[in-house]
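Shown next: upload35.pdb, given as PDB, C-alpha atoms.
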ATOM      1  CA  MET A 400      45.648 -12.629  -6.297
ATOM      2  CA  SER A 401      42.715 -10.755  -7.860
ATOM      3  CA  LYS A 402      41.956  -7.274  -6.661
ATOM      4  CA  GLU A 403      38.867  -6.796  -4.523
ATOM      5  CA  PRO A 404      36.133  -4.683  -6.176
ATOM      6  CA  LYS A 405      35.643  -1.133  -5.025
ATOM      7  CA  ILE A 406      33.064  -0.752  -2.253
ATOM      8  CA  SER A 407      31.265   2.519  -1.517
ATOM      9  CA  PHE A 408      30.101   3.382   1.992
ATOM     10  CA  VAL A 409      27.334   5.952   2.415
ATOM     11  CA  ILE A 410      27.125   7.537   5.867
ATOM     12  CA  PRO A 411      24.377  10.162   6.386
ATOM     13  CA  VAL A 412      25.209  12.360   9.363
ATOM     14  CA  TYR A 413      23.431  15.102  11.273
ATOM     15  CA  ASN A 414      24.705  16.799  14.442
ATOM     16  CA  GLU A 415      26.835  13.890  15.617
ATOM     17  CA  SER A 416      30.249  15.539  15.624
ATOM     18  CA  ALA A 417      31.133  14.315  19.128
ATOM     19  CA  GLY A 418      31.373  10.698  18.002
ATOM     20  CA  LEU A 419      32.774  11.261  14.517
ATOM     21  CA  ASP A 420      36.398  10.430  15.271
ATOM     22  CA  ASP A 421      35.562   7.203  17.094
ATOM     23  CA  PHE A 422      33.179   6.050  14.380
ATOM     24  CA  HIS A 423      35.583   6.837  11.543
ATOM     25  CA  SER A 424      38.480   5.134  13.302
ATOM     26  CA  SER A 425      36.485   1.982  13.995
ATOM     27  CA  LEU A 426      35.230   1.855  10.401
ATOM     28  CA  VAL A 427      38.666   2.377   8.871
ATOM     29  CA  ASN A 428      40.301  -0.152  11.203
ATOM     30  CA  CYS A 429      37.713  -2.758  10.269
ATOM     31  CA  LEU A 430      38.169  -2.129   6.551
ATOM     32  CA  ASP A 431      41.966  -2.213   6.829
ATOM     33  CA  LYS A 432      41.892  -5.529   8.697
ATOM     34  CA  SER A 433      39.551  -6.950   6.063
ATOM     35  CA  GLY A 434      41.815  -5.864   3.201
ATOM     36  CA  LEU A 435      39.186  -3.540   1.720
ATOM     37  CA  ASP A 436      41.650  -1.001   0.416
ATOM     38  CA  ASP A 437      39.760  -0.035  -2.740
ATOM     39  CA  ARG A 438      36.925   1.899  -1.157
ATOM     40  CA  GLU A 439      35.243   5.251  -0.863
ATOM     41  CA  LEU A 440      33.623   6.631   2.264
ATOM     42  CA  ILE A 441      30.900   9.131   1.395
ATOM     43  CA  TYR A 442      29.841  11.228   4.371
ATOM     44  CA  VAL A 443      26.602  13.079   3.595
ATOM     45  CA  ASN A 444      26.326  16.095   5.880
ATOM     46  CA  ASP A 445      22.594  16.725   6.194
ATOM     47  CA  GLY A 446      22.767  20.368   7.206
ATOM     48  CA  SER A 447      24.475  19.814  10.569
ATOM     49  CA  THR A 448      24.753  22.844  12.847
ATOM     50  CA  ASP A 449      27.268  21.473  15.365
ATOM     51  CA  GLY A 450      30.472  21.957  13.377
ATOM     52  CA  ARG A 451      30.244  18.509  11.834
ATOM     53  CA  LEU A 452      31.096  19.749   8.343
ATOM     54  CA  LYS A 453      34.416  21.213   9.463
ATOM     55  CA  LYS A 454      35.365  17.933  11.128
ATOM     56  CA  LEU A 455      34.405  15.998   8.023
ATOM     57  CA  ASN A 456      36.545  18.233   5.852
ATOM     58  CA  VAL A 457      39.510  17.585   8.139
ATOM     59  CA  VAL A 458      38.897  13.844   7.922
ATOM     60  CA  ALA A 459      38.735  14.062   4.118
ATOM     61  CA  LYS A 460      42.080  15.910   3.964
ATOM     62  CA  ASN A 461      43.744  13.170   5.998
ATOM     63  CA  ASP A 462      42.075  10.249   4.202
ATOM     64  CA  LYS A 463      41.877  10.319   0.404
ATOM     65  CA  SER A 464      39.196   7.622   0.392
ATOM     66  CA  VAL A 465      36.792  10.020   2.132
ATOM     67  CA  ARG A 466      34.350  12.150   0.159
ATOM     68  CA  VAL A 467      32.138  14.765   1.798
ATOM     69  CA  LEU A 468      28.774  15.576   0.275
ATOM     70  CA  ALA A 469      27.441  18.700   2.014
ATOM     71  CA  LEU A 470      23.722  19.357   1.582
ATOM     72  CA  SER A 471      22.655  22.999   1.687
ATOM     73  CA  ARG A 472      20.253  22.378   4.596
ATOM     74  CA  ASN A 473      18.653  19.565   6.561
ATOM     75  CA  PHE A 474      16.615  17.503   4.093
ATOM     76  CA  GLY A 475      16.138  14.463   6.339
ATOM     77  CA  LYS A 476      17.879  11.126   6.532
ATOM     78  CA  GLU A 477      16.024   9.502   3.623
ATOM     79  CA  ILE A 478      17.052  12.219   1.172
ATOM     80  CA  ALA A 479      20.601  12.321   2.557
ATOM     81  CA  THR A 480      20.922   8.560   2.103
ATOM     82  CA  THR A 481      19.559   8.853  -1.433
ATOM     83  CA  ALA A 482      22.079  11.584  -2.268
ATOM     84  CA  GLY A 483      24.935   9.380  -1.071
ATOM     85  CA  ILE A 484      23.730   6.348  -3.030
ATOM     86  CA  GLN A 485      23.460   8.422  -6.193
ATOM     87  CA  ALA A 486      27.001   9.741  -5.704
ATOM     88  CA  ALA A 487      28.561   6.294  -5.110
ATOM     89  CA  HIS A 488      30.886   4.723  -7.699
ATOM     90  CA  GLY A 489      31.540   1.294  -6.185
ATOM     91  CA  ALA A 490      30.558  -2.159  -7.418
ATOM     92  CA  ALA A 491      28.435  -2.327  -4.269
ATOM     93  CA  VAL A 492      27.115   0.327  -1.890
ATOM     94  CA  ILE A 493      26.836  -0.110   1.878
ATOM     95  CA  THR A 494      24.716   2.365   3.823
ATOM     96  CA  ILE A 495      25.516   2.692   7.499
ATOM     97  CA  ASP A 496      24.609   5.176  10.238
ATOM     98  CA  GLY A 497      27.338   7.363  11.657
ATOM     99  CA  ASP A 498      26.171   7.125  15.271
ATOM    100  CA  GLY A 499      28.006   3.856  15.941
ATOM    101  CA  GLN A 500      24.918   1.695  16.435
ATOM    102  CA  HIS A 501      25.547  -0.433  13.362
ATOM    103  CA  PRO A 502      28.385  -2.918  14.071
ATOM    104  CA  VAL A 503      31.132  -2.319  11.522
ATOM    105  CA  GLU A 504      32.626  -5.757  12.231
ATOM    106  CA  LEU A 505      29.760  -7.294  10.244
ATOM    107  CA  ILE A 506      30.779  -5.520   7.033
ATOM    108  CA  PRO A 507      32.967  -8.431   5.777
ATOM    109  CA  GLU A 508      29.964 -10.742   6.145
ATOM    110  CA  PHE A 509      27.804  -8.338   4.138
ATOM    111  CA  ILE A 510      30.382  -8.367   1.363
ATOM    112  CA  ALA A 511      30.736 -12.159   1.492
ATOM    113  CA  ARG A 512      26.976 -12.578   1.044
ATOM    114  CA  TRP A 513      27.071 -10.175  -1.896
ATOM    115  CA  GLN A 514      29.974 -12.000  -3.516
ATOM    116  CA  ALA A 515      27.990 -15.231  -3.101
ATOM    117  CA  GLY A 516      25.203 -13.778  -5.253
ATOM    118  CA  ALA A 517      22.883 -11.690  -3.068
ATOM    119  CA  LYS A 518      21.910  -8.400  -4.685
ATOM    120  CA  VAL A 519      20.726  -6.877  -1.414
ATOM    121  CA  VAL A 520      22.016  -7.705   2.076
ATOM    122  CA  ILE A 521      20.024  -6.231   4.961
ATOM    123  CA  GLY A 522      20.989  -5.744   8.577
ATOM    124  CA  LEU A 523      18.181  -7.061  10.786
ATOM    125  CA  ARG A 524      18.170  -5.485  14.242
ATOM    126  CA  ILE A 525      17.074  -7.978  16.906
ATOM    127  CA  SER A 526      17.609  -5.664  19.872
ATOM    128  CA  ASN A 527      18.229  -1.990  20.483
ATOM    129  CA  HIS A 528      20.274  -0.632  23.387
ATOM    130  CA  LYS A 529      18.038   1.197  25.874
ATOM    131  CA  GLU A 530      15.073   1.282  23.497
ATOM    132  CA  GLY A 531      12.231   3.060  25.269
ATOM    133  CA  LEU A 532       8.579   2.095  25.311
ATOM    134  CA  VAL A 533       7.585   5.012  23.069
ATOM    135  CA  LYS A 534      10.244   4.150  20.486
ATOM    136  CA  ARG A 535       9.319   0.467  20.580
ATOM    137  CA  PHE A 536       5.623   1.266  20.134
ATOM    138  CA  GLY A 537       6.407   3.763  17.377
ATOM    139  CA  SER A 538       8.464   1.182  15.530
ATOM    140  CA  LYS A 539       5.673  -1.410  15.737
ATOM    141  CA  LEU A 540       3.144   1.187  14.557
ATOM    142  CA  PHE A 541       5.384   2.079  11.623
ATOM    143  CA  TYR A 542       5.827  -1.503  10.420
ATOM    144  CA  GLY A 543       2.152  -2.256  11.026
ATOM    145  CA  LEU A 544       0.889   0.699   8.985
ATOM    146  CA  PHE A 545       3.460   0.167   6.262
ATOM    147  CA  ASN A 546       2.796  -3.541   5.753
ATOM    148  CA  ARG A 547      -0.979  -3.222   6.117
ATOM    149  CA  PHE A 548      -1.512  -0.490   3.550
ATOM    150  CA  THR A 549       1.332  -0.831   1.041
ATOM    151  CA  GLY A 550       1.102  -4.557   0.380
ATOM    152  CA  ALA A 551       4.905  -4.662   0.700
ATOM    153  CA  LYS A 552       6.451  -6.598   3.552
ATOM    154  CA  LEU A 553       9.120  -4.829   5.510
ATOM    155  CA  ILE A 554      10.461  -7.300   8.052
ATOM    156  CA  PRO A 555      10.348  -5.726  11.545
ATOM    157  CA  GLY A 556      13.856  -4.793  12.557
ATOM    158  CA  SER A 557      15.141  -4.300   9.001
ATOM    159  CA  THR A 558      17.381  -1.256   8.910
ATOM    160  CA  ASP A 559      19.246   1.074   6.605
ATOM    161  CA  PHE A 560      22.405  -0.869   7.434
ATOM    162  CA  ARG A 561      22.431  -2.687   4.118
ATOM    163  CA  LEU A 562      24.405  -3.480   1.003
ATOM    164  CA  ILE A 563      23.056  -3.067  -2.514
ATOM    165  CA  ASP A 564      24.651  -4.226  -5.735
ATOM    166  CA  ARG A 565      25.457  -1.750  -8.498
ATOM    167  CA  THR A 566      22.522  -3.061 -10.559
ATOM    168  CA  VAL A 567      20.160  -2.354  -7.661
ATOM    169  CA  GLN A 568      21.718   1.092  -7.238
ATOM    170  CA  ALA A 569      21.099   1.900 -10.907
ATOM    171  CA  GLU A 570      17.411   1.020 -10.637
ATOM    172  CA  PHE A 571      17.062   2.839  -7.304
ATOM    173  CA  ASN A 572      18.501   5.987  -8.876
ATOM    174  CA  ARG A 573      15.651   5.994 -11.415
ATOM    175  CA  MET A 574      13.096   6.642  -8.673
ATOM    176  CA  SER A 575      12.311  10.310  -8.233
ATOM    177  CA  GLU A 576       9.604  10.680  -5.557
ATOM    178  CA  HIS A 577      10.336  13.138  -2.765
ATOM    179  CA  ASN A 578       8.497  11.583   0.188
ATOM    180  CA  ARG A 579      10.364   8.313   0.342
ATOM    181  CA  ILE A 580      11.586   5.543   2.567
ATOM    182  CA  THR A 581      14.853   4.211   1.218
ATOM    183  CA  ARG A 582      14.495   0.665   2.512
ATOM    184  CA  GLY A 583      10.949   0.415   1.163
ATOM    185  CA  LEU A 584      11.988   1.493  -2.334
ATOM    186  CA  ILE A 585      14.916  -0.933  -2.347
ATOM    187  CA  ASP A 586      12.638  -3.779  -1.287
ATOM    188  CA  TRP A 587      10.088  -2.728  -3.948
ATOM    189  CA  LEU A 588      12.725  -3.386  -6.616
ATOM    190  CA  GLY A 589      12.446  -7.060  -5.746
ATOM    191  CA  PHE A 590      16.023  -8.275  -6.106
ATOM    192  CA  GLU A 591      17.282 -11.227  -4.095
ATOM    193  CA  ARG A 592      17.690 -10.295  -0.437
ATOM    194  CA  GLU A 593      19.522 -11.849   2.468
ATOM    195  CA  TYR A 594      19.466 -10.843   6.125
ATOM    196  CA  ILE A 595      22.154 -10.566   8.788
ATOM    197  CA  LYS A 596      20.992 -10.253  12.395
ATOM    198  CA  PHE A 597      22.711  -7.859  14.772
ATOM    199  CA  LYS A 598      22.318  -6.214  18.148
ATOM    200  CA  ALA A 599      22.420  -2.432  17.992
ATOM    201  CA  LYS A 600      25.212  -0.792  19.933
ATOM    202  CA  PRO A 601      24.811   2.281  22.157
ATOM    203  CA  ARG A 602      24.839   5.587  20.292
ATOM    204  CA  GLN A 603      28.223   7.273  20.391
ATOM    205  CA  SER A 604      26.690  10.742  20.211
ATOM    206  CA  GLY A 605      23.589  12.694  19.330
ATOM    207  CA  ASP A 606      19.940  11.858  19.769
ATOM    208  CA  ALA A 607      17.845   9.259  18.017
ATOM    209  CA  GLY A 608      17.002  10.353  14.480
ATOM    210  CA  TYR A 609      13.412   9.113  14.584
ATOM    211  CA  SER A 610      11.085  10.163  17.372
ATOM    212  CA  PHE A 611       7.567   8.730  17.645
ATOM    213  CA  LYS A 612       6.263  11.718  15.672
ATOM    214  CA  LYS A 613       8.816  11.253  12.897
ATOM    215  CA  LEU A 614       8.179   7.511  12.729
ATOM    216  CA  PHE A 615       4.455   8.153  12.377
ATOM    217  CA  LYS A 616       5.019  10.734   9.636
ATOM    218  CA  LEU A 617       7.417   8.382   7.869
ATOM    219  CA  ALA A 618       4.800   5.619   7.954
ATOM    220  CA  ILE A 619       2.145   7.929   6.488
ATOM    221  CA  ASP A 620       4.452   9.330   3.790
ATOM    222  CA  SER A 621       5.665   5.852   2.882
ATOM    223  CA  THR A 622       2.128   4.494   2.688
ATOM    224  CA  ILE A 623       1.081   7.292   0.348
ATOM    225  CA  SER A 624       4.221   6.826  -1.750
ATOM    226  CA  LEU A 625       4.038   3.043  -2.052
ATOM    227  CA  SER A 626       0.304   2.349  -1.858
ATOM    228  CA  LEU A 627      -2.966   3.503  -3.405
ATOM    229  CA  SER A 628      -5.071   2.049  -0.579
ATOM    230  CA  PRO A 629      -5.852   5.374   1.176
ATOM    231  CA  LEU A 630      -7.511   6.644  -2.021
ATOM    232  CA  TYR A 631     -10.027   3.820  -1.861
ATOM    233  CA  ILE A 632     -11.070   4.231   1.771
ATOM    234  CA  ALA A 633     -13.934   6.621   0.914
ATOM    235  CA  ALA A 634     -15.168   4.277  -1.827
ATOM    236  CA  ILE A 635     -15.209   1.344   0.592
ATOM    237  CA  PHE A 636     -17.285   3.266   3.131
ATOM    238  CA  GLY A 637     -19.571   4.466   0.356
ATOM    239  CA  ALA A 638     -20.014   0.934  -0.967
ATOM    240  CA  VAL A 639     -21.263  -0.059   2.503
ATOM    241  CA  VAL A 640     -23.398   2.998   3.362
ATOM    242  CA  LEU A 641     -25.132   3.396  -0.013
ATOM    243  CA  PRO A 642     -26.771  -0.051  -0.348
ATOM    244  CA  LEU A 643     -27.630  -0.197   3.358
ATOM    245  CA  SER A 644     -29.404   3.183   3.220
ATOM    246  CA  MET A 645     -31.253   2.123   0.056
ATOM    247  CA  LEU A 646     -32.401  -1.148   1.626
ATOM    248  CA  LEU A 647     -33.439   0.629   4.826
ATOM    249  CA  GLY A 648     -35.370   3.266   2.882
ATOM    250  CA  LEU A 649     -37.179   0.655   0.762
ATOM    251  CA  PHE A 650     -37.985  -1.343   3.871
ATOM    252  CA  MET A 651     -39.481   1.715   5.596
ATOM    253  CA  LEU A 652     -41.507   2.736   2.495
ATOM    254  CA  THR A 653     -42.820  -0.794   2.038
ATOM    255  CA  ASP A 654     -43.822  -0.976   5.691
ATOM    256  CA  ALA A 655     -45.631   2.373   5.425
ATOM    257  CA  ALA A 656     -47.433   1.300   2.231
ATOM    258  CA  LEU A 657     -48.711  -1.809   4.008
ATOM    259  CA  SER A 658     -50.171   0.312   6.865
ATOM    260  CA  ASP A 659     -47.197  -0.275   9.188
ATOM    261  CA  PRO A 660     -47.719  -3.964  10.036
ATOM    262  CA  LEU A 661     -44.414  -3.992  11.954
ATOM    263  CA  ASN A 662     -45.365  -0.939  14.035
ATOM    264  CA  LEU A 663     -42.213   0.936  13.084
ATOM    265  CA  ASN A 664     -43.965   4.289  13.501
ATOM    266  CA  ALA A 665     -41.341   5.901  11.290
ATOM    267  CA  THR A 666     -41.476   9.678  11.572
ATOM    268  CA  GLY A 667     -40.514  12.274   9.020
ATOM    269  CA  SER A 668     -37.200  12.722  10.802
ATOM    270  CA  ALA A 669     -36.412   9.042  10.297
ATOM    271  CA  TYR A 670     -36.951   9.359   6.552
ATOM    272  CA  VAL A 671     -34.747  12.459   6.475
ATOM    273  CA  ILE A 672     -31.962  10.560   8.256
ATOM    274  CA  VAL A 673     -32.178   7.703   5.767
ATOM    275  CA  LEU A 674     -32.095  10.203   2.900
ATOM    276  CA  ILE A 675     -29.012  11.849   4.374
ATOM    277  CA  LEU A 676     -27.306   8.458   4.703
ATOM    278  CA  PHE A 677     -28.145   7.751   1.065
ATOM    279  CA  LEU A 678     -26.670  11.072  -0.064
ATOM    280  CA  ILE A 679     -23.552  10.478   2.061
ATOM    281  CA  GLY A 680     -23.143   7.104   0.364
ATOM    282  CA  VAL A 681     -23.445   8.753  -3.046
ATOM    283  CA  LEU A 682     -20.822  11.334  -2.102
ATOM    284  CA  LEU A 683     -18.412   8.701  -0.787
ATOM    285  CA  VAL A 684     -18.768   6.591  -3.926
ATOM    286  CA  SER A 685     -18.191   9.727  -6.011
ATOM    287  CA  GLN A 686     -15.042  10.446  -4.037
ATOM    288  CA  GLY A 687     -13.948   6.873  -4.651
ATOM    289  CA  ILE A 688     -14.336   7.365  -8.396
ATOM    290  CA  ILE A 689     -12.248  10.527  -8.164
ATOM    291  CA  GLY A 690      -9.739   8.481  -6.131
ATOM    292  CA  LEU A 691      -9.423   6.021  -9.015
ATOM    293  CA  TYR A 692      -8.440   8.824 -11.348
ATOM    294  CA  LEU A 693      -6.056  10.268  -8.752
ATOM    295  CA  SER A 694      -4.448   6.857  -8.326
ATOM    296  CA  HIS A 695      -3.604   6.762 -12.033
ATOM    297  CA  ILE A 696      -2.205  10.303 -11.861
ATOM    298  CA  HIS A 697      -0.224   9.379  -8.742
ATOM    299  CA  THR A 698       1.262   6.309 -10.412
ATOM    300  CA  GLU A 699       2.220   8.195 -13.587
ATOM    301  CA  THR A 700       3.832  11.128 -11.785
ATOM    302  CA  GLN A 701       6.027   8.825  -9.685
ATOM    303  CA  ASN A 702       7.845   7.996 -12.912
ATOM    304  CA  ARG A 703       8.918   4.533 -11.737
ATOM    305  CA  PRO A 704      10.119   1.972 -14.264
ATOM    306  CA  LEU A 705       7.433  -0.325 -15.675
ATOM    307  CA  TYR A 706       9.524  -3.356 -14.801
ATOM    308  CA  ILE A 707      12.971  -4.377 -13.586
ATOM    309  CA  VAL A 708      15.082  -6.948 -15.439
ATOM    310  CA  ASP A 709      17.529  -8.968 -13.361
ATOM    311  CA  LYS A 710      20.118  -9.498 -16.083
ATOM    312  CA  ALA A 711      22.199 -11.814 -13.933
ATOM    313  CA  SER A 712      19.296 -14.270 -13.764
ATOM    314  CA  SER A 713      18.180 -13.901 -17.392
ATOM    315  CA  VAL A 714      19.403 -15.962 -20.341
ATOM    316  CA  ASN A 715      20.079 -14.846 -23.944
ATOM    317  CA  ILE A 716      18.664 -11.366 -23.532
ATOM    318  CA  ASP A 717      19.488  -8.217 -25.442
ATOM    319  CA  GLU A 718      21.821  -6.113 -23.297
ATOM    320  CA  ASN A 719      20.880  -2.893 -25.128
TER
END

Do you think you could lay out the structure here as structure tokens?
Amino acid sequence: MSKEPKISFVIPVYNESAGLDDFHSSLVNCLDKSGLDDRELIYVNDGSTDGRLKKLNVVAKNDKSVRVLALSRNFGKEIATTAGIQAAHGAAVITIDGDGQHPVELIPEFIARWQAGAKVVIGLRISNHKEGLVKRFGSKLFYGLFNRFTGAKLIPGSTDFRLIDRTVQAEFNRMSEHNRITRGLIDWLGFEREYIKFKAKPRQSGDAGYSFKKLFKLAIDSTISLSLSPLYIAAIFGAVVLPLSMLLGLFMLTDAALSDPLNLNATGSAYVIVLILFLIGVLLVSQGIIGLYLSHIHTETQNRPLYIVDKASSVNIDEN
């Protein structure tokens, strides 16, 4: 019987020490029952202040498959997840939250989908235990802003409970931007994706990682990171205001030259207002031009690869 490939599990944690033992036990029991003996569990301690690191170190001493990556302070979940992915050595990497909401019993199905050819397998949350109105609205706002401005399509309910192949991991590790959304960058890579629906379980400990404020900030940061649309907003307004003010000004001057046949009775203040609108349009268009240059600078400084080659789907290509 062939040996199963090594699977890496990345678990970012922050101030959830109360539920650590239960989560770790449930995860290990599931992996043992599934015969996933060749594994590594990478707990990324994101600057916890509740004694979590000490508990993780104890777990690591008792379980040689456990690795603890301790960040020097709280950098946020996206960076913690990135650190774990970069440290993983498995043929596939599964990211999963340590609060117990992601059902570990679905892990064998994730692996089966991967072994069948999927490069990315994504957990799709169809319900969330005791999800409040604010959280639900914040989530909808996040997906709405993200999909509207980035051009990418994050499916509502897609989570960080996902599996990525080693080839996807290698390309993900080439991305260096600081303000990031892990799931958005993985989807940007474009590899074949499959989805597994699940119902989120109650949290074992701690508070929700993303409040409405954090979700809103994440949406803004992600939009700026993955889209150039905000740079063009001023140019769009300018493209509307400038010609309208010019047409209005010409119309008023023509009417005045013809002895006001339309009885507009335009005063000096009206002409000043039209002039101001014209100048505002010029300024907005100028800002749009500057935005074009900034967009090129933004794209270059992100240092993303020009393209991604899916070698598994290519034929007779140079591997070097």

- May I ask which of the residues A:His695, A:Arg582, A:Gly499, A:Ala599 is the closest one to Ser626 in chain A, counting only C-alpha atoms?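 That would be A:His695, the residue with the smallest distance to Ser626 in chain A.
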
- Suppose you want the space between CA of Gly450 in chain A and CA of Asp420 in chain A; what is it in Å?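 Here the two named atoms are 13.1 Å from each other.
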
- For Asp437 in chain A, please output as number ranges by chain all residues within 12 Å (counting all atoms listed in the file; exclusion window: fewer than 3 positions along the same chain). A: 402-408, 427, 430-431, 433-434, 440, 463-465, 488-491

- Task: Please indicate the distance in Å from CA of Phe636 in chain A to CA of Ala665 in chain A, rounded to one decimal place.
- Result: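 About the pair CA of Phe636 in chain A and CA of Ala665 in chain A: they are 25.5 Å apart.
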
- Separation of CA of Lys460 in chain A and CA of Asn572 in chain A, in Å?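 Calculated distance between CA of Lys460 in chain A and CA of Asn572 in chain A is 28.6 Å.
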
- Message: Calculated over only C-alpha atoms, which of the candidates A:Phe422, A:Tyr413, A:Tyr542, A:Tyr670 has the smallest distance to Ser557 in chain A?
- Response: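 Smallest distance to Ser557 in chain A is found for A:Tyr542.
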
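Of the listed residues (A:Phe677, A:Glu591, A:Ile635, A:Glu508), A:Phe677 comes nearest to Leu647 in chain A; the distances count only C-alpha atoms.
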